[in-house]
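Working notes, beginning with the structure itself.
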Amino acid sequence: MAEVIIRKLTKSFGDNTVVKSVSLKVEDGEFLVLLGPSGCGKSTILRLIAGLEDVTSGEILINGEIVNFVSPVKRNAAFVFQNYALYPHMTVRKNVAFPLETARLPKDEINKAIDEAARILELQQLLDRLPSQLSGGQRQRVALARAIVRKPVVFLMDEPLSNLDAQLRQQTRIELMELHQRLGVTTIYVTHDQIEAMTMGKRIAILKDGELQQVDTPSETYDKPANTFVARFMGAPPMNLIQGRIEAGVRQFTFNGDGILVTLNSSQMGLTDEVLSLQLNAAVCLGVRPEHVRISTDLSVEGVSGKVKFLEPTGADLFVTVSIGIQNVVVRCPPKTPMQIGSTVTIAFDMTHTHIFGADGWNLRRSN
Amino acid sequence: MSLKSEHTKELHDLALQNSRIRRTKSVIAYAVLGLFVFASVGPIIYIISPAFRESKSLFSYPPQWLPNSFYLGNFKFLLSETNYIRWGINTFIFATGVTVIALIIDTLAGYAFARMEFPGKKIIFGLVLATLMVPTAALLAPTYLLVRNLDDWTFGLIGLDTYGGLIIPMTVSPLGVFMMRQFIETLPKGLFEAARIDGASEWRIFTRIVLPLMKPAVVVLGIFVFMMQWANFLWPLVITTKDETRVLTVGIATLQGQFVTNWGVIAAATLMTLAPITLVFLFFQRWFVQASMAGALKQ
Amino acid sequence: MDLVEQNLSDPDWQELTMSDEEFRRARSRYKLRALVPVVGFLGPFLFLWSVFLATPMVWSIWLSFNTGGLIDEAKFVGLENWSRMLSNDELVRSLKNTATYVVIAIFVVFSLALLIASLLNSNKRGQNFFKVALYFPLLVPPIMAGMIFFFLTHYDMGIINLVLQAMNQEKLNFLGDNPNALLTIVSLEVWRGLGFWVLFFLAGLQSIPADLIDAAKIDGAGSMRRFRKISIPTLRPLLLFAVIIALIFNFQLFDSVQVLTKGGPVLGTTSVVWFIYKRLFAFQDIGLAYATSVGLLLLVVVLTVVAYGFLGKKSENSN
Amino acid sequence: MFLAVLGATALVVGACGGGGSTTPDTQAVVADTQAPVTEDTVAALPFEGVTLTFGKAPHGEDEKANWGEWLPEFEAQTGIKVELTQVPWDQLEALYTANFASDTPYDVTYQTSTHLTLFGERGTFEDLTARINGADFAGDLPNFPAGVLGASTYNNKLYGLPFVVGTTAMFANLDMLKSAGVEVPTSDVELVAAAKAIIADQKAKGNKGVLGFYTPRTVADYGWYFTLQDVHNRGGDFLSADGKTALMDSKEVKESAQFAADMICKDKVQPANGLYNREAAIELFKAGKLAFIQDEPSRVKTFEEAVLPFAWDIYMPVGHNGKATQFATTGHWAISAKSKNADAAWELVKFLSSAAFNSTYNQRYGFVPARLDADASGGNEKLARNASWVAVWDGLKTSPKVSQLLDEYAKALEAATSCKTSVDDAFASAQKGATEALAQG
C-alpha cells in the first residue's frame, strides 16, 4: 500500500507539452479518478506514473521514494489497459502467470497466486482458454487478475471499462469498487466518463489541456466547480453559464447578462463584496445548475421572465430550456410539471448554489 | 394463388440463371488459372526430356521429343565426375546458415527499430534502407577484399573458402530488417507495455511475446532469404576457389566450357538442383501459404 | 487536508526535492541505461551492416572519384568519372532499356498477379495447389532459369516457335531482334516473379474486410467495379510497398541479361547494372563503374521517394 | 599511316614465318632440357612442401578430371602441390578482379590476350622476360615463334608465356558441294557464290531450309573472334600498330563488316543474327542443313565423335582476294606478381608450356600449340593441317585496352549485321567509343 505524489509533473513530446506542471497527492488506499476529455493528458499522467513514458520534468513519488528513474516493475504499480493487452498466444493461466514467472517465483507459489486471483475474479473455469476465446468482460477480468496477482502497491487503470457495453460496464464498475474495498490498494483510475468518475472516485482530479483544474470529492466538484470548464464538464445537462457583467447596485452588486438581472447576495453565495468589487464591470459568468433554478408559470413570482423553448423529459426529470433574450437557461423540474413550449415563465436562482466565474473563468468562491 | 406461383417460378428461373452464370464464371476462372499454372510449370517440365538425352542429340533435326532411350549419362556424369553432392551440401549449409543468422539479426534489429527509442533512430533506419538499393554486383569486389582481410582478424573464421566468409556477409539484408520492423509495428503497442509493467526485460519481451506472435512473418522471411541464397551465384563464385567449397549454382556454371555448353548435363543439373529445394518448399508450403504475408508486409 | 486548497497554494509536498542538475544527471543515466538493450538488439545487425554493406558502399563512393583502386592504387581524379558517365551513350541506352524493362515488368507482373489473386480469392477450391504451382518458378535460380529459357526460345526447337510453326505462322527471333529480346527478358522476370506477387496480393485481398465487399454487393456493384472501387483502394498501401520493392529489384536487372543476351542485340538489352559490371570487371574502368553505381543508387532513391509521395498521398486521400 | 600499319602487319607475319622455320632443331633441345630436371627431382625435390594455387577457365566439362591425371606427374617431379580452381568463363573477369586485388592471388593463371595486359599493366603479373631468357629456358625459347611472343608482349613486358593460339577453321559439307557441283571456295566472293549455288541446288532437290554459311557475328557469341581475320586479310586492323589510335572506321574494317552484313542481309546465305547461336548452328551443320560453318578447330573432335553422315573437311577461312591469315587470341600462363612462390610457379609454367604437356592438352582440346615442337594433332590429319596454320597466324596483340576496344568493335559488328544499322553509322560510333577508351587512363 502506498501514497503516490506527483510534483510539477511535465511531459512534452517535442514541442507539444501534454502535461503541464501537474501536482497531485494520492493518499494511501485512495481511489482517485483522473477525469478529462480525450487528449487532456490524463492517460499520459498514468503512463508517466507507471514508467511507460519518460518524465520531462517534475517528480513522481511512490511511498515517498522518487521513482522517475526507476524501471516500471520496481515501481510495483500494476497497469490495466484499455484494450486489456492480454498476450494472445498464451492461455489465461499463462497470462496471469507471466509477471510471476518473470519475477522467477517458485512454481507452487505461482500456482497459489493464480488460484487466488482466479478465485477473486471468478476465472477458475477459464484458465485454459486463449484470450480470443473470451468475452470482453472475461478478458477484462483476466487483465485485472494479471494486475492483482503481483500484489502491487498501486493500481493504474486506463479506461478499463470503455470497451464494454453499457450494462456490463455498470456491473463491472461495482465489481471494481468491491475489489478496491477488498484489497485496499491505492488506485488511480483514468476515464473520460463523468458518471464513472462520480460513482467510483473518492476524489476526482479533473484535467484540461494538460493542466489540473480541480481535485475534489465528487460532490464538491459538482457543487463547487473550480471553473467554467469543470462546471460544464460535470453534470448532465451541464451547469447553466450566463455571460454578463457585475454592476454596482444600490446596496448590492447586480449581475447583468443581456436582460437577466440578478441581485447578488454575496453572503448567500459564500462571497464577500470585496471579491465582487474586484470584478466590477468585468465580463463574468453566472453559473447555476438546472436543479437550482426555480421556475414558475405564475408571472407574479419575483424573477426573470422568459419563454419556454424546449422540453426534454428524461423520465426522472423534465428539463425545460427557457430563453431569455439571447440566453438559454435549463431548468430541472419534476417529471410531470405542466409546461408549454412558447409559454412565458419566471425563473429565479437559488443564490446559495449560484456561482460567479471571474473573467479568467475561475470560480470566485475559490479565490478567498 | 396463381399470381404467387408465377412469382415463385420467376424467382426459380432467376436463381437457375444466376447459378448457371456463376458456374460459367468459375469454369472460365479455372481455365485461366490452369493456363497460368501451365506457363509456370511448363518450362521446367520442358527440360526433363533433355536431361534424359545425350547432349549430342539435343538439338538434332528433326526435333526429337522423347529420349529414344532412358539415358542416365548426364546424371551419372554429375554424380561421378563432379562434386555435385558436395555442392549440394554446401548450398544447403550456405543457404541455411544465412537464413538462420539473418532471421536472428533481422528480427532483433526489426524489434529495435519498431519498439525502442534511441537517438538517431530515423537517420540510421534511413541509411539502412538506402543500402537496400545498392546494386549487389557493384559491391562484389570491395566486399571480397574485406573478407579477404578479415581472414587474419577472425582467425580464419571469415575468409576465403570458409563457410564464415561465404555466409556472414550475405546475412546483412536491409529488406529483412524492414519487413520485420513493419510486422512488429502491427502488433498492439499495449502488449509490449503490459510486458514491461509485468517486469519483463526487452529480451524476455522479445522471446516470450514478440517471437511467438511473429512466427508467420519469420517463416516468410526465412523462406525468402533461403530462396535468395539458394539462387545466389556471384558471391559464392568469388568467395570460393576450391571445387569442394563451391555451391550448386557456381559448380554448374563451371561445367560450361569456353563456347561449349553441355546442355544435357546442364538440364540434368537443373533438375537435380530443383529436386531438393522443391522438397524443402513442399515441406514449408503449408506454412508459407498459411503465413499471412499481408501481416508481414503491411505498411 | 482541505482538498480545494491543493490547487490554490503550494504546500510543502509540492516542492521539488531534486535540483535541476540532479534531475538532468539522473535522467541521462536512466536514458543511457535504456540504451543497453538497444545496443544488444541493434548491435549485431548494425555491426554486420556497417562492415559488409556500409563500408563497401562508402568505399565505392570514394572510388567513384578515382581511377583504379581495386587491383592497383587509386588515383584521385575529382569529378572526371562523373562527367564521363553523363556523356556515355551506352549508359544512356542502358538506362532507357532498364527503365522500359522496369515499367513493362512491373505493369505486366502486377496486372497478372492482381488478376490471378482475385481469381483465386473468389474461387477457393484448389487454392493451395495453384499457389504452390505458381510459386514454383521462383525456386529456379536465375542462372538456370536463363538456361531453361534458352531451350524455350530456340529457333527450331523452342516450344513457342514449334507452336507457331504448327499454326503456319512465322517463327520468332526471340533473342536476336529488338524489342523481342527485352520482352523475352521481361517474360523471364514475369515467369519467375509472378507467383511471389500472386501470394502477396492474395494475402492483401484476403485482408479486405468482408463487410466492405458485402456492402458493395448490396449496392449492386459488379465484380469489376467492386475490384476497382474497393480492392484497389484498399490494396493501395500494399501496392505502394510492392512498387517500391519492385522498383528497387528491377532496377538491378542483371542475371538474365548476362545469361541470355549479354546486352545484345545491338544494345537492345543492356542494363545499367550490366553496364556497371562490364566497366568494373571486363574493362577495369573502376571509376566509371562506381560513379554509375552511385548514380543508380541516387536515381532509385529519388524514384522511391517520388513513388512514395505519389502513391502514399493517393492512399491518404482515398481513406 | 595506313602504310605504317601494313608494314607492321607484314613484319609480324614475317616474324611468324621465321619462327616456323626453326621447328626441326628444337625438338632435340627439349629432350636435353628434360634430363637435368629429372636428375634434380631424384636428388631432392626442390620445392617440397610448396603449394601453388592455379586458376583456369575450362575448355571442356571434362577438364577438371583431366587435370587430376595431368598434375600428379608434375607434383611428383617437383614436390609442389597444385590446387586448381576452375573459373567459369562468364564470370572470369569478376573473379580475377577480386582475386588479383587481394594479397594472395592465384600463383599461376591462364590468361587470354584480352585479359593478359588488362590485368598485367595493373601490376598483377610478373614480367617473364628475364625468366624466358634464363638458362633453364634456353632450350625452349627458340620453339616459340617470335610473332606469337611479340603479340603477347606489351611495352617490352611479357606478362604471360604463350600456350595456345586461337585459330578458326571453315568446315564444309562436301556432299553438298559435290551435289551442287561447286569447288571448295578460295575467296570471299567464291564462298558467297558457292553458298548460293548450294542453297539453290538443295531447294531444287526438295531440301528446304538449307543454309549456306554460318559464323557468329554477335557480341554474345564472340563475333569479333571470327571476323577480325577478314580485316587482316584486307590488310587492315582495328588498332594502329603502336596501339594508340583506333581504326574502327577504317576502310578495311568497314569493308569486312559490309561483307559480313551482305552475307546476311543481301545475299541471304547466312541466317539472321539471333536465329541460331553457335551451338545451334553446330547442330545445324551436324544435321546436314548447313553447307559451311566457320568455328573453332576443336569442333573437329565434336564432328568426328558424332560420325557425321556426310563427307566434310576443314579449310582455312577464305579471305578477301584469296588472302588467308589466322587472327585470334592467345592463351598464356601468367605468374602473379604477389606470388610468394614465384620460382615454384615458374616450374609449373615451364611444365605447362612444355612440348609434351602442350601436345597432351591440345590433342584433347584441339587448339594450336604456341610452340612449334608440340604435336597437337596426335596423328589427326585435319588437326595437323590446322596446326600448320600457325605459320600464317597474325594474332591479336595484347593491350590493356583490348577488351574494351573489342567490345566496341563487336557491338558495331553486331549492329552492322543486324541489317538495321548502316556499317558507316555502326563503326563511326565504335570509333568514337574506342577513341574515348584509348584517351582514358
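Going through the C-alpha cells in order, the chains are called A, B, and so on, while each chain numbers its residues from 1 and the ligands are numbered from 1 in the order shown.
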key: In range 226-260 of chain A, DSSP alpha helix (DSSP H) residues written as number ranges by chain   = A: 228-233
task = Quick one: pick out all strand (DSSP E or B) residues within range 151-283 of chain A from a backbone DSSP run and write them as a PyMOL selection string.
result = chain A and resi 154-158+186-191+203-208+211-216+227+240-248+253-257+260-264+280+283
Starting from chain D, keep only residues with some atom at most 7 Å from an atom of chain C, counting only C-alpha atoms, and report them as a PDB file with N, CA, C and O atoms, in the first residue's frame.
```pdb
ATOM      1  N   GLU D  93      36.199 -12.448 -65.342  1.00  0.00           N
ATOM      2  CA  GLU D  93      36.775 -11.136 -65.018  1.00  0.00           C
ATOM      3  C   GLU D  93      36.443 -10.726 -63.591  1.00  0.00           C
ATOM      4  O   GLU D  93      37.294 -10.179 -62.896  1.00  0.00           O
ATOM      5  N   ALA D  94      35.199 -10.992 -63.182  1.00  0.00           N
ATOM      6  CA  ALA D  94      34.805 -10.617 -61.819  1.00  0.00           C
ATOM      7  C   ALA D  94      35.646 -11.369 -60.812  1.00  0.00           C
ATOM      8  O   ALA D  94      36.165 -10.808 -59.839  1.00  0.00           O
ATOM      9  N   THR D  97      39.277 -10.178 -60.917  1.00  0.00           N
ATOM     10  CA  THR D  97      39.431  -8.836 -60.342  1.00  0.00           C
ATOM     11  C   THR D  97      39.502  -8.924 -58.825  1.00  0.00           C
ATOM     12  O   THR D  97      40.409  -8.366 -58.197  1.00  0.00           O
ATOM     13  N   PHE D 100      42.790 -10.878 -57.819  1.00  0.00           N
ATOM     14  CA  PHE D 100      44.052 -10.155 -58.010  1.00  0.00           C
ATOM     15  C   PHE D 100      44.164  -8.949 -57.083  1.00  0.00           C
ATOM     16  O   PHE D 100      45.248  -8.443 -56.830  1.00  0.00           O
ATOM     17  N   ALA D 101      43.023  -8.473 -56.617  1.00  0.00           N
ATOM     18  CA  ALA D 101      43.060  -7.315 -55.720  1.00  0.00           C
ATOM     19  C   ALA D 101      43.501  -7.727 -54.317  1.00  0.00           C
ATOM     20  O   ALA D 101      43.925  -6.898 -53.525  1.00  0.00           O
ATOM     21  N   ARG D 122      48.265  -3.502 -64.548  1.00  0.00           N
ATOM     22  CA  ARG D 122      47.896  -3.037 -63.212  1.00  0.00           C
ATOM     23  C   ARG D 122      48.740  -3.704 -62.142  1.00  0.00           C
ATOM     24  O   ARG D 122      48.410  -3.670 -60.964  1.00  0.00           O
ATOM     25  N   GLY D 123      49.819  -4.328 -62.628  1.00  0.00           N
ATOM     26  CA  GLY D 123      50.808  -4.846 -61.681  1.00  0.00           C
ATOM     27  C   GLY D 123      50.497  -6.214 -61.122  1.00  0.00           C
ATOM     28  O   GLY D 123      51.078  -6.611 -60.110  1.00  0.00           O
ATOM     29  N   VAL D 219      27.741 -10.148 -80.250  1.00  0.00           N
ATOM     30  CA  VAL D 219      28.575  -9.946 -79.063  1.00  0.00           C
ATOM     31  C   VAL D 219      28.532 -11.198 -78.181  1.00  0.00           C
ATOM     32  O   VAL D 219      29.558 -11.680 -77.707  1.00  0.00           O
ATOM     33  N   ALA D 220      27.325 -11.732 -78.006  1.00  0.00           N
ATOM     34  CA  ALA D 220      27.164 -12.857 -77.090  1.00  0.00           C
ATOM     35  C   ALA D 220      27.951 -14.076 -77.548  1.00  0.00           C
ATOM     36  O   ALA D 220      28.426 -14.859 -76.731  1.00  0.00           O
ATOM     37  N   ASN D 273      21.026 -12.771 -87.431  1.00  0.00           N
ATOM     38  CA  ASN D 273      21.571 -12.870 -86.072  1.00  0.00           C
ATOM     39  C   ASN D 273      20.483 -13.266 -85.102  1.00  0.00           C
ATOM     40  O   ASN D 273      19.372 -12.755 -85.168  1.00  0.00           O
ATOM     41  N   GLY D 274      20.833 -14.149 -84.202  1.00  0.00           N
ATOM     42  CA  GLY D 274      19.896 -14.484 -83.138  1.00  0.00           C
ATOM     43  C   GLY D 274      19.082 -15.725 -83.435  1.00  0.00           C
ATOM     44  O   GLY D 274      18.584 -16.362 -82.519  1.00  0.00           O
ATOM     45  N   LEU D 275      18.902 -16.050 -84.725  1.00  0.00           N
ATOM     46  CA  LEU D 275      18.117 -17.248 -85.015  1.00  0.00           C
ATOM     47  C   LEU D 275      18.842 -18.477 -84.486  1.00  0.00           C
ATOM     48  O   LEU D 275      18.242 -19.378 -83.924  1.00  0.00           O
ATOM     49  N   TYR D 276      20.136 -18.508 -84.722  1.00  0.00           N
ATOM     50  CA  TYR D 276      20.926 -19.636 -84.240  1.00  0.00           C
ATOM     51  C   TYR D 276      22.150 -19.097 -83.525  1.00  0.00           C
ATOM     52  O   TYR D 276      22.887 -18.288 -84.078  1.00  0.00           O
ATOM     53  N   SER D 403      40.213  -5.406 -74.441  1.00  0.00           N
ATOM     54  CA  SER D 403      38.853  -5.938 -74.276  1.00  0.00           C
ATOM     55  C   SER D 403      37.813  -4.853 -74.510  1.00  0.00           C
ATOM     56  O   SER D 403      36.737  -5.106 -75.037  1.00  0.00           O
ATOM     57  N   GLN D 404      38.164  -3.631 -74.113  1.00  0.00           N
ATOM     58  CA  GLN D 404      37.224  -2.535 -74.334  1.00  0.00           C
ATOM     59  C   GLN D 404      37.105  -2.224 -75.825  1.00  0.00           C
ATOM     60  O   GLN D 404      36.010  -1.977 -76.325  1.00  0.00           O
ATOM     61  N   LYS D 411      30.276  -4.663 -80.819  1.00  0.00           N
ATOM     62  CA  LYS D 411      28.959  -4.028 -80.846  1.00  0.00           C
ATOM     63  C   LYS D 411      28.649  -3.479 -82.234  1.00  0.00           C
ATOM     64  O   LYS D 411      27.527  -3.606 -82.740  1.00  0.00           O
ATOM     65  N   GLU D 414      27.923  -6.304 -84.628  1.00  0.00           N
ATOM     66  CA  GLU D 414      26.579  -6.831 -84.393  1.00  0.00           C
ATOM     67  C   GLU D 414      25.531  -5.894 -84.989  1.00  0.00           C
ATOM     68  O   GLU D 414      24.575  -6.331 -85.626  1.00  0.00           O
ATOM     69  N   ALA D 415      25.734  -4.586 -84.785  1.00  0.00           N
ATOM     70  CA  ALA D 415      24.786  -3.609 -85.321  1.00  0.00           C
ATOM     71  C   ALA D 415      24.776  -3.665 -86.842  1.00  0.00           C
ATOM     72  O   ALA D 415      23.716  -3.687 -87.470  1.00  0.00           O
TER      73      ALA D 415
END
```
message = Only residues of chain D matter here; which ones have an atom within 9 Å of chain B, counting only C-alpha atoms? Give them as JSON, numbers by chain.
response = {"D": [55, 57, 58, 59, 60, 61, 62, 63, 64, 65, 83, 84, 85, 86, 87, 88, 89, 90, 91, 94, 95, 96, 97, 98, 99, 101, 102, 103, 104, 221, 222, 278, 279, 280, 283, 284, 286, 287, 288, 289, 306]}
Taking only C-alpha atoms into account, produce a table as JSON lines in which each residue of chain A with an atom at most 10 Å from an atom of chain C appears once, together with its shortest atom pair and the distance in Å to one decimal, ordered by chain and rising number.
```
{"residue": "A:Ile5", "atom": "CA", "partner": "C:Trp13", "partner_atom": "CA", "distance": 8.0}
{"residue": "A:Ile6", "atom": "CA", "partner": "C:Gln14", "partner_atom": "CA", "distance": 7.8}
{"residue": "A:Arg7", "atom": "CA", "partner": "C:Gln14", "partner_atom": "CA", "distance": 5.3}
{"residue": "A:Lys8", "atom": "CA", "partner": "C:Gln14", "partner_atom": "CA", "distance": 7.1}
{"residue": "A:Leu9", "atom": "CA", "partner": "C:Leu16", "partner_atom": "CA", "distance": 9.9}
{"residue": "A:Val22", "atom": "CA", "partner": "C:Gln14", "partner_atom": "CA", "distance": 9.5}
{"residue": "A:Ser23", "atom": "CA", "partner": "C:Gln14", "partner_atom": "CA", "distance": 6.4}
{"residue": "A:Leu24", "atom": "CA", "partner": "C:Gln6", "partner_atom": "CA", "distance": 7.8}
{"residue": "A:Lys25", "atom": "CA", "partner": "C:Trp13", "partner_atom": "CA", "distance": 8.3}
{"residue": "A:Asp54", "atom": "CA", "partner": "C:Arg27", "partner_atom": "CA", "distance": 8.7}
{"residue": "A:Val55", "atom": "CA", "partner": "C:Arg27", "partner_atom": "CA", "distance": 8.5}
{"residue": "A:Thr56", "atom": "CA", "partner": "C:Arg27", "partner_atom": "CA", "distance": 8.9}
{"residue": "A:Ser57", "atom": "CA", "partner": "C:Phe23", "partner_atom": "CA", "distance": 7.9}
{"residue": "A:Gly58", "atom": "CA", "partner": "C:Leu16", "partner_atom": "CA", "distance": 6.9}
{"residue": "A:Glu59", "atom": "CA", "partner": "C:Leu16", "partner_atom": "CA", "distance": 6.8}
{"residue": "A:Ile60", "atom": "CA", "partner": "C:Leu16", "partner_atom": "CA", "distance": 9.8}
{"residue": "A:Ile66", "atom": "CA", "partner": "C:Thr17", "partner_atom": "CA", "distance": 9.1}
{"residue": "A:Asn68", "atom": "CA", "partner": "C:Arg27", "partner_atom": "CA", "distance": 8.1}
{"residue": "A:Phe69", "atom": "CA", "partner": "C:Tyr30", "partner_atom": "CA", "distance": 5.8}
{"residue": "A:Val70", "atom": "CA", "partner": "C:Tyr30", "partner_atom": "CA", "distance": 7.9}
{"residue": "A:Ser71", "atom": "CA", "partner": "C:Tyr30", "partner_atom": "CA", "distance": 8.9}
{"residue": "A:Arg203", "atom": "CA", "partner": "C:Leu3", "partner_atom": "CA", "distance": 8.9}
{"residue": "A:Leu212", "atom": "CA", "partner": "C:Asn7", "partner_atom": "CA", "distance": 8.1}
{"residue": "A:Gln213", "atom": "CA", "partner": "C:Asn7", "partner_atom": "CA", "distance": 8.0}
{"residue": "A:Gln214", "atom": "CA", "partner": "C:Asn7", "partner_atom": "CA", "distance": 6.9}
{"residue": "A:Val215", "atom": "CA", "partner": "C:Leu3", "partner_atom": "CA", "distance": 6.5}
{"residue": "A:Asp216", "atom": "CA", "partner": "C:Leu3", "partner_atom": "CA", "distance": 5.6}
{"residue": "A:Thr217", "atom": "CA", "partner": "C:Leu3", "partner_atom": "CA", "distance": 7.8}
{"residue": "A:Glu220", "atom": "CA", "partner": "C:Val4", "partner_atom": "CA", "distance": 8.8}
{"residue": "A:Thr221", "atom": "CA", "partner": "C:Val4", "partner_atom": "CA", "distance": 9.5}
{"residue": "A:Lys224", "atom": "CA", "partner": "C:Val4", "partner_atom": "CA", "distance": 9.6}
{"residue": "A:Ala226", "atom": "CA", "partner": "C:Val4", "partner_atom": "CA", "distance": 8.5}
{"residue": "A:Arg366", "atom": "CA", "partner": "C:Val4", "partner_atom": "CA", "distance": 7.8}
{"residue": "A:Ser367", "atom": "CA", "partner": "C:Leu8", "partner_atom": "CA", "distance": 8.2}
{"residue": "A:Asn368", "atom": "CA", "partner": "C:Leu8", "partner_atom": "CA", "distance": 9.8}
```
Mind dumping a table of every chain B residue within 6 Å of chain C, with the nearest atom pair and its distance in Å to one decimal, using only C-alpha atoms, sorted by chain and rising number, as CSV?
```
residue,atom,partner,partner_atom,distance
B:Val37,CA,C:Leu134,CA,5.8
B:Ser40,CA,C:Leu134,CA,5.7
B:Ile105,CA,C:Phe45,CA,5.2
B:Leu108,CA,C:Phe41,CA,5.0
B:Ala109,CA,C:Leu42,CA,4.6
B:Ala112,CA,C:Leu42,CA,5.9
B:Met133,CA,C:Ile248,CA,5.7
B:Val134,CA,C:Leu297,CA,5.7
B:Pro135,CA,C:Gln252,CA,5.8
B:Pro142,CA,C:Pro56,CA,5.3
B:Thr143,CA,C:Pro56,CA,6.0
B:Pro169,CA,C:Phe52,CA,5.6
B:Val172,CA,C:Trp49,CA,5.7
B:Ala231,CA,C:Pro141,CA,4.1
B:Met293,CA,C:Ala203,CA,5.8
B:Ala294,CA,C:Ala203,CA,5.1
```
Interface residues on chain A facing chain B, 7 Å, only C-alpha atoms, written as a compact mmCIF listing (two decimals) with N, CA, C and O atoms, in the first residue's frame:
```txt
# COMPACT_ATOMS: atom_id res chain seq x y z
N LEU A 52 5.91 4.08 -18.19
CA LEU A 52 5.86 3.77 -19.62
C LEU A 52 6.34 4.95 -20.45
O LEU A 52 6.70 4.79 -21.61
N PRO A 72 9.75 0.31 -14.56
CA PRO A 72 8.34 0.11 -14.24
C PRO A 72 8.11 -0.95 -13.19
O PRO A 72 7.35 -0.74 -12.24
N VAL A 73 8.80 -2.09 -13.34
CA VAL A 73 8.48 -3.20 -12.45
C VAL A 73 8.87 -2.86 -11.01
O VAL A 73 8.22 -3.27 -10.05
N ALA A 78 0.66 -1.76 -10.87
CA ALA A 78 0.06 -2.57 -11.92
C ALA A 78 -0.77 -1.69 -12.83
O ALA A 78 -1.33 -0.69 -12.38
N PHE A 79 -0.84 -2.07 -14.08
CA PHE A 79 -1.49 -1.23 -15.07
C PHE A 79 -2.55 -2.06 -15.77
O PHE A 79 -2.28 -3.18 -16.21
N ALA A 85 -4.69 -5.67 -23.37
CA ALA A 85 -3.33 -6.08 -23.71
C ALA A 85 -2.99 -7.46 -23.16
O ALA A 85 -1.94 -7.68 -22.58
N LEU A 86 -3.92 -8.39 -23.37
CA LEU A 86 -3.61 -9.77 -22.99
C LEU A 86 -2.69 -10.36 -24.06
O LEU A 86 -2.78 -9.98 -25.23
N TYR A 87 -1.82 -11.26 -23.66
CA TYR A 87 -0.93 -11.90 -24.64
C TYR A 87 -1.73 -12.93 -25.41
O TYR A 87 -2.16 -13.93 -24.85
N HIS A 89 -1.19 -15.25 -27.48
CA HIS A 89 -0.74 -16.61 -27.72
C HIS A 89 -0.64 -17.42 -26.42
O HIS A 89 -0.20 -18.53 -26.42
N PRO A 99 3.74 -12.28 -15.16
CA PRO A 99 4.54 -11.40 -14.30
C PRO A 99 5.26 -12.17 -13.19
O PRO A 99 6.36 -11.79 -12.80
N THR A 102 8.17 -14.02 -14.66
CA THR A 102 9.20 -13.04 -14.92
C THR A 102 9.98 -12.73 -13.64
O THR A 102 11.19 -12.57 -13.66
```
message = Which residues are near Thr91 in chain B? Cut-off 8 Å, only C-alpha atoms, ignore same chain within fewer than 2 positions. Put them as a ChimeraX atom specification.
response = /B:87-89,93-95,230,246-248
